[in-house]
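Below is work-v9.cif, holding mmCIF, C-alpha atoms and all ligand atoms.
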```cif
data_upload
#
loop_
_atom_site.label_atom_id
_atom_site.label_comp_id
_atom_site.auth_asym_id
_atom_site.auth_seq_id
_atom_site.Cartn_x
_atom_site.Cartn_y
_atom_site.Cartn_z
CA MET O 1 3.02 -1.55 6.47
CA LYS O 2 1.41 -3.75 3.86
CA ILE O 3 -2.14 -3.72 2.56
CA LEU O 4 -3.45 -7.06 1.32
CA ARG O 5 -6.36 -7.29 -1.07
CA LEU O 6 -8.07 -10.33 -2.53
CA GLU O 7 -10.11 -9.74 -5.64
CA ASN O 8 -12.71 -12.28 -6.81
CA VAL O 9 -10.58 -15.24 -5.72
CA CYS O 10 -11.92 -18.68 -6.66
CA LYS O 11 -10.31 -22.05 -5.99
CA SER O 12 -11.76 -25.50 -6.53
CA TYR O 13 -10.39 -28.97 -5.80
CA GLY O 14 -12.18 -31.04 -8.42
CA GLU O 15 -15.88 -30.65 -7.60
CA THR O 16 -15.24 -28.91 -4.27
CA ARG O 17 -15.46 -25.15 -4.50
CA ALA O 18 -13.17 -24.19 -1.60
CA LEU O 19 -13.11 -20.44 -2.37
CA ASP O 20 -16.02 -18.83 -4.15
CA MET O 21 -15.48 -15.23 -5.28
CA VAL O 22 -13.62 -14.07 -2.18
CA ASN O 23 -13.09 -10.33 -1.83
CA LEU O 24 -11.25 -9.06 1.22
CA GLU O 25 -9.11 -6.04 1.99
CA THR O 26 -7.03 -5.32 5.07
CA THR O 27 -5.87 -1.94 6.26
CA ALA O 28 -2.12 -1.41 6.84
CA GLY O 29 -0.97 -3.17 10.01
CA GLU O 30 -4.35 -4.73 10.63
CA PHE O 31 -4.92 -7.97 12.55
CA MET O 32 -7.63 -9.69 10.51
CA VAL O 33 -9.16 -12.83 11.95
CA VAL O 34 -10.78 -15.43 9.69
CA MET O 35 -13.39 -17.68 11.26
CA GLY O 36 -15.89 -20.22 10.02
CA PRO O 37 -16.93 -23.87 10.20
CA SER O 38 -14.50 -26.66 9.43
CA GLY O 39 -14.07 -27.15 5.67
CA CYS O 40 -15.27 -23.65 4.75
CA GLY O 41 -11.99 -22.75 2.99
CA LYS O 42 -9.90 -20.97 5.64
CA THR O 43 -6.65 -22.90 5.07
CA THR O 44 -7.12 -22.69 1.30
CA LEU O 45 -7.46 -18.92 1.63
CA LEU O 46 -4.13 -18.69 3.48
CA LEU O 47 -2.39 -20.98 0.96
CA VAL O 48 -3.56 -18.82 -1.94
CA ILE O 49 -2.28 -15.64 -0.22
CA LEU O 50 1.00 -17.39 0.58
CA GLY O 51 1.43 -18.45 -3.03
CA ALA O 52 1.49 -22.17 -2.25
CA LEU O 53 -1.72 -22.55 -4.29
CA GLN O 54 -2.66 -20.76 -7.51
CA PRO O 55 -6.22 -19.46 -7.54
CA ASP O 56 -8.38 -20.57 -10.50
CA GLU O 57 -9.61 -17.01 -10.84
CA GLY O 58 -8.99 -13.66 -9.22
CA HIS O 59 -5.99 -11.87 -7.81
CA VAL O 60 -3.89 -11.48 -4.70
CA ILE O 61 -2.79 -7.85 -4.46
CA ILE O 62 -0.20 -6.41 -2.09
CA ASP O 63 0.12 -2.66 -1.82
CA GLY O 64 -1.73 -2.27 -5.10
CA GLU O 65 0.39 -4.77 -7.08
CA ALA O 66 -0.88 -8.18 -8.17
CA VAL O 67 1.53 -10.87 -6.92
CA ASP O 68 -0.07 -13.71 -8.90
CA ASP O 69 3.16 -14.50 -10.74
CA LEU O 70 5.41 -14.12 -7.72
CA PRO O 71 6.58 -17.46 -6.26
CA MET O 72 6.06 -18.18 -2.59
CA GLU O 73 9.71 -17.49 -1.63
CA SER O 74 9.58 -14.03 -3.16
CA ARG O 75 6.41 -12.99 -1.35
CA GLY O 76 8.32 -12.77 1.95
CA MET O 77 5.40 -13.77 4.15
CA GLY O 78 5.55 -15.45 7.52
CA TYR O 79 3.42 -18.58 7.78
CA VAL O 80 2.45 -20.81 10.66
CA PRO O 81 0.73 -23.90 9.22
CA GLN O 82 -2.02 -25.73 11.05
CA ASP O 83 0.30 -28.68 11.73
CA PHE O 84 3.22 -26.40 12.84
CA GLY O 85 5.66 -27.63 10.15
CA LEU O 86 8.70 -27.64 12.46
CA PHE O 87 12.03 -29.07 11.29
CA PRO O 88 12.22 -32.35 13.27
CA HIS O 89 16.02 -32.65 13.19
CA MET O 90 16.60 -29.17 14.59
CA ASN O 91 16.21 -28.08 18.18
CA VAL O 92 13.99 -25.18 19.26
CA ARG O 93 16.75 -22.58 18.95
CA GLN O 94 17.70 -23.78 15.46
CA ASN O 95 14.08 -23.84 14.32
CA ILE O 96 13.61 -20.24 15.42
CA SER O 97 16.90 -18.98 13.96
CA PHE O 98 16.59 -20.81 10.62
CA GLY O 99 14.90 -17.97 8.72
CA LEU O 100 17.54 -15.52 9.91
CA GLU O 101 20.47 -17.84 9.13
CA VAL O 102 19.39 -18.24 5.51
CA LYS O 103 19.32 -14.45 5.21
CA ASN O 104 22.91 -14.22 6.51
CA THR O 105 21.88 -12.18 9.50
CA PRO O 106 24.79 -11.23 11.82
CA ARG O 107 25.30 -13.71 14.66
CA GLU O 108 24.61 -11.23 17.47
CA VAL O 109 21.31 -10.17 15.87
CA ILE O 110 20.30 -13.83 15.55
CA ASP O 111 21.19 -14.53 19.18
CA GLN O 112 19.28 -11.50 20.42
CA THR O 113 16.23 -12.29 18.32
CA VAL O 114 16.14 -15.93 19.39
CA LYS O 115 16.38 -14.88 23.02
CA ARG O 116 13.51 -12.41 22.61
CA MET O 117 11.36 -14.97 20.77
CA LEU O 118 12.04 -17.70 23.35
CA SER O 119 10.93 -15.36 26.08
CA LEU O 120 7.84 -14.31 24.12
CA VAL O 121 6.63 -17.90 23.87
CA GLN O 122 7.97 -18.82 27.32
CA LEU O 123 10.27 -21.56 26.08
CA SER O 124 13.68 -20.28 27.20
CA GLN O 125 14.11 -23.44 29.31
CA HIS O 126 13.56 -25.74 26.33
CA SER O 127 15.75 -24.12 23.68
CA GLU O 128 17.91 -27.23 23.18
CA ARG O 129 15.01 -29.69 22.81
CA ARG O 130 13.90 -31.20 19.54
CA PRO O 131 10.23 -30.94 18.48
CA SER O 132 9.67 -34.62 19.41
CA GLU O 133 10.50 -33.68 23.01
CA LEU O 134 7.82 -30.99 23.18
CA SER O 135 4.06 -31.02 23.85
CA GLY O 136 1.61 -29.92 21.14
CA GLY O 137 1.23 -26.48 22.67
CA GLU O 138 5.00 -26.04 22.97
CA LYS O 139 5.50 -27.01 19.32
CA GLN O 140 2.87 -24.50 18.32
CA ARG O 141 4.67 -21.79 20.28
CA VAL O 142 7.95 -22.64 18.52
CA ALA O 143 6.19 -22.37 15.14
CA LEU O 144 4.89 -18.95 16.12
CA ALA O 145 8.32 -17.80 17.32
CA ARG O 146 9.91 -19.06 14.10
CA ALA O 147 7.46 -17.09 11.95
CA LEU O 148 7.88 -13.91 14.00
CA ALA O 149 11.70 -14.09 14.11
CA THR O 150 12.14 -12.83 10.56
CA ASN O 151 9.88 -9.87 11.27
CA PRO O 152 7.64 -10.39 8.21
CA SER O 153 5.43 -7.50 7.14
CA LEU O 154 2.66 -9.95 6.23
CA LEU O 155 1.94 -12.86 8.50
CA LEU O 156 -0.42 -15.79 7.92
CA LEU O 157 -1.39 -17.85 10.95
CA ASP O 158 -3.51 -21.01 10.71
CA GLU O 159 -5.10 -21.66 14.09
CA PRO O 160 -1.95 -20.62 16.00
CA LEU O 161 -3.55 -20.97 19.45
CA SER O 162 -5.43 -24.26 18.97
CA SER O 163 -3.05 -26.42 21.04
CA ILE O 164 -1.97 -23.81 23.56
CA ASP O 165 -3.28 -24.45 27.07
CA GLU O 166 -5.29 -21.83 28.93
CA ALA O 167 -2.47 -21.07 31.39
CA THR O 168 -0.10 -19.90 28.65
CA LYS O 169 -2.73 -18.60 26.27
CA THR O 170 -3.38 -15.18 27.79
CA HIS O 171 0.35 -14.40 27.78
CA VAL O 172 0.89 -15.63 24.22
CA ARG O 173 -2.21 -13.84 22.96
CA GLU O 174 -1.28 -10.50 24.52
CA SER O 175 2.40 -10.66 23.52
CA LEU O 176 1.45 -11.71 19.99
CA LYS O 177 -0.78 -8.70 19.51
CA LYS O 178 1.79 -6.34 21.06
CA ILE O 179 4.69 -7.65 18.95
CA LEU O 180 2.72 -7.54 15.70
CA LYS O 181 1.50 -4.02 16.37
CA GLU O 182 5.03 -2.87 17.24
CA ALA O 183 6.41 -4.50 14.10
CA GLY O 184 3.61 -2.99 12.00
CA ALA O 185 2.81 -6.44 10.58
CA THR O 186 -0.42 -7.04 8.69
CA THR O 187 -1.80 -10.37 9.88
CA ILE O 188 -4.38 -12.81 8.58
CA CYS O 189 -5.12 -15.27 11.34
CA VAL O 190 -7.47 -18.24 11.25
CA LEU O 191 -9.01 -18.90 14.66
CA HIS O 192 -11.85 -21.18 15.73
CA ASN O 193 -12.30 -19.97 19.30
CA PRO O 194 -14.54 -16.88 19.33
CA GLU O 195 -12.95 -15.60 22.54
CA ASP O 196 -9.51 -15.59 20.90
CA ALA O 197 -10.97 -14.02 17.78
CA PHE O 198 -12.68 -11.23 19.66
CA ALA O 199 -9.61 -10.59 21.83
CA LEU O 200 -7.18 -10.43 18.90
CA GLY O 201 -9.04 -9.26 15.81
CA ASP O 202 -9.15 -5.65 14.72
CA ARG O 203 -11.75 -7.08 12.36
CA ILE O 204 -13.16 -10.55 11.87
CA ALA O 205 -14.06 -12.10 8.50
CA VAL O 206 -16.63 -14.87 8.85
CA MET O 207 -16.59 -17.52 6.13
CA ASN O 208 -19.03 -20.22 5.14
CA LYS O 209 -18.85 -22.60 2.16
CA GLY O 210 -16.02 -20.76 0.46
CA ARG O 211 -17.58 -17.33 0.80
CA ILE O 212 -17.02 -14.45 3.13
CA ILE O 213 -20.38 -13.68 4.68
CA GLN O 214 -19.49 -10.78 6.97
CA VAL O 215 -16.46 -8.65 7.81
CA GLY O 216 -16.51 -6.30 10.75
CA THR O 217 -15.04 -5.28 14.07
CA PRO O 218 -15.92 -7.52 17.02
CA GLN O 219 -18.32 -4.78 18.11
CA GLU O 220 -20.04 -4.70 14.71
CA LEU O 221 -20.45 -8.48 14.63
CA LEU O 222 -21.93 -8.48 18.12
CA GLU O 223 -24.32 -5.66 17.38
CA GLU O 224 -25.37 -6.64 13.87
CA PRO O 225 -24.68 -10.28 13.06
CA ARG O 226 -25.80 -10.59 9.46
CA ASP O 227 -26.30 -14.34 9.26
CA SER O 228 -27.19 -17.35 11.37
CA ILE O 229 -23.58 -18.62 11.11
CA VAL O 230 -22.32 -15.36 12.64
CA LYS O 231 -24.98 -15.53 15.36
CA LYS O 232 -23.97 -19.11 16.14
CA LEU O 233 -20.29 -18.14 16.47
CA ILE O 234 -21.15 -15.37 18.88
CA ALA O 235 -23.52 -17.55 20.87
CA THR O 236 -20.74 -20.09 21.55
CA MET O 237 -18.84 -17.38 23.43
CA TYR O 238 -21.45 -17.25 26.16
CA VAL O 239 -21.89 -20.96 26.86
N1 LIG B 301 -5.82 -30.89 -1.33
C1 LIG B 301 -7.16 -31.00 -1.35
N2 LIG B 301 -7.77 -31.83 -2.24
C2 LIG B 301 -9.12 -31.92 -2.28
N3 LIG B 301 -9.96 -31.23 -1.49
C3 LIG B 301 -9.40 -30.40 -0.58
C4 LIG B 301 -7.98 -30.25 -0.46
N4 LIG B 301 -7.74 -29.35 0.51
C5 LIG B 301 -8.94 -28.96 0.98
N5 LIG B 301 -9.94 -29.59 0.34
C6 LIG B 301 -11.39 -29.39 0.56
O1 LIG B 301 -11.68 -28.01 0.35
C7 LIG B 301 -12.55 -27.51 1.34
C8 LIG B 301 -11.89 -26.41 2.12
O2 LIG B 301 -10.81 -26.94 2.86
P1 LIG B 301 -9.91 -26.07 3.85
O3 LIG B 301 -9.47 -24.85 3.15
O4 LIG B 301 -8.86 -26.96 4.40
O5 LIG B 301 -10.99 -25.68 4.98
P2 LIG B 301 -10.79 -25.18 6.50
O6 LIG B 301 -9.37 -24.78 6.69
O7 LIG B 301 -11.76 -24.04 6.64
O8 LIG B 301 -11.19 -26.32 7.38
C9 LIG B 301 -12.95 -28.72 2.18
O9 LIG B 301 -14.14 -29.24 1.66
C10 LIG B 301 -11.81 -29.68 1.98
O10 LIG B 301 -12.24 -31.02 2.13
MG MG B 302 -7.92 -25.41 8.08
#
```
Starting from the coordinates I provided, produce the structure as structure tokens.
Ligand SMILES: Nc1ncnc2c1ncn2[C@@H]1O[C@H](COP(=O)(O)OP(=O)(O)O)[C@@H](O)[C@H]1O
Ligand SMILES: [Mg+2]
Amino acid sequence: MKILRLENVCKSYGETRALDMVNLETTAGEFMVVMGPSGCGKTTLLLVILGALQPDEGHVIIDGEAVDDLPMESRGMGYVPQDFGLFPHMNVRQNISFGLEVKNTPREVIDQTVKRMLSLVQLSQHSERRPSELSGGEKQRVALARALATNPSLLLLDEPLSSIDEATKTHVRESLKKILKEAGATTICVLHNPEDAFALGDRIAVMNKGRIIQVGTPQELLEEPRDSIVKKLIATMYV
């Protein structure tokens, strides 16, 4: 199980300081939720961990080793982008199996995994459809299945439940947590819905304006919200 640590990470886009001295450490196998207002730097944080963006300052450290010079492909992380990033010319089955095919996984392992993933996201009926033939929520579930199929030890999820309707959500949420715990994956997951965050997060990191303002278990945030932004997030759960 991997431990991820961010040390004094800064990232600016021109004048915009998207990440401002971010320090964050997970435990092994932890499900860490990242929350905060739109534009506070959540996606940038994931892209820096992934290696798609170089930080201006600071380090990304996995199991005690800085991975700053390691390209994205060599970091072996699973990633579900905010816009799903599905391959439009491939059907659902092909999208899910892609990561395993490129690793020359044996055919029967691929078939088994795809079957398990399709059932996880409740899309077994739609395995031959292309992304253009799916709803937003269905596409999002395919993106999740695709990221989980390769069994990554570090998983980065950018609002993975935002388009999933309430009827499917409870199932996806519970199976997601179960699968990740079984696989021993360490997960950083951006969520905007406090109910999802509190249901999924072992701990929640609350961000504002490029900074992390509080990290704690759902219980700790409820009992001792340290800032008005944290209080506001919690308040929205009860309206
Ligand atoms: N490629 C980019 N070029 C310029 N500014 C950007 C770029 N990406 C993000 N930003 C800005 O950086 C800040 C953080 O963005 P982002 O990480 O996407 O926030 P979030 O995911 O929390 O909504 C925002 O002010 C956003 O407008
Ligand atoms: Mg974002």
10 Å contact set for range 50-66 of chain O, all atoms listed in the file, chain neighbours under 3 positions out, as an MDAnalysis selection string: chainID O and resid 1:13 19:26 28 44:47 69:79 154:156
Nearest to ligand MG 302 (chain B), restricted to all atoms listed in the file and choosing among O:Arg116, O:Arg17, O:Arg203, O:Lys42, comes out as O:Lys42
Please provide the set of residues having any atom within 12 Å of range 222-225 of chain O, restricted to all atoms listed in the file, with same-chain residues fewer than 3 positions apart removed, written as a ChimeraX atom specification. /O:194,198,203-206,213-219,228-235,237-238
Hey, which bits of chain O sit within 7 Å of ligand MG 302 (chain B), and for each residue what's the closest pair of atoms and how far apart in Å (one decimal), counting all atoms listed in the file, rows by chain and increasing number, as a Markdown table?
```
| residue | atom | partner | partner_atom | distance |
| --- | --- | --- | --- | --- |
| O:Ser38 | CA | B:MG302 | MG | 6.8 |
| O:Gly39 | CA | B:MG302 | MG | 6.8 |
| O:Lys42 | CA | B:MG302 | MG | 5.4 |
| O:Thr43 | CA | B:MG302 | MG | 4.1 |
| O:Gln82 | CA | B:MG302 | MG | 6.6 |
| O:Asp158 | CA | B:MG302 | MG | 6.8 |
```
Just the selected residues (C-alpha atoms), exported as a PDB file, in the coordinates of the input, please.
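Wrote it out as out_36.pdb, contents follow:
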```
ATOM      1  CA  SER O  38     -14.500 -26.660   9.430  1.00  0.00           C
ATOM      2  CA  GLY O  39     -14.070 -27.150   5.670  1.00  0.00           C
ATOM      3  CA  LYS O  42      -9.900 -20.970   5.640  1.00  0.00           C
ATOM      4  CA  THR O  43      -6.650 -22.900   5.070  1.00  0.00           C
ATOM      5  CA  GLN O  82      -2.020 -25.730  11.050  1.00  0.00           C
ATOM      6  CA  ASP O 158      -3.510 -21.010  10.710  1.00  0.00           C
TER       7      ASP O 158
END
```
Report the distance between atom O2 of ligand LIG 301 (chain B) and CA of Phe31 in chain O in Å, rounded to one decimal place. 22.1 Å
At what distance in Å, to one decimal, does CA of Glu101 in chain O lie from CA of Ile179 in chain O? 21.2 Å
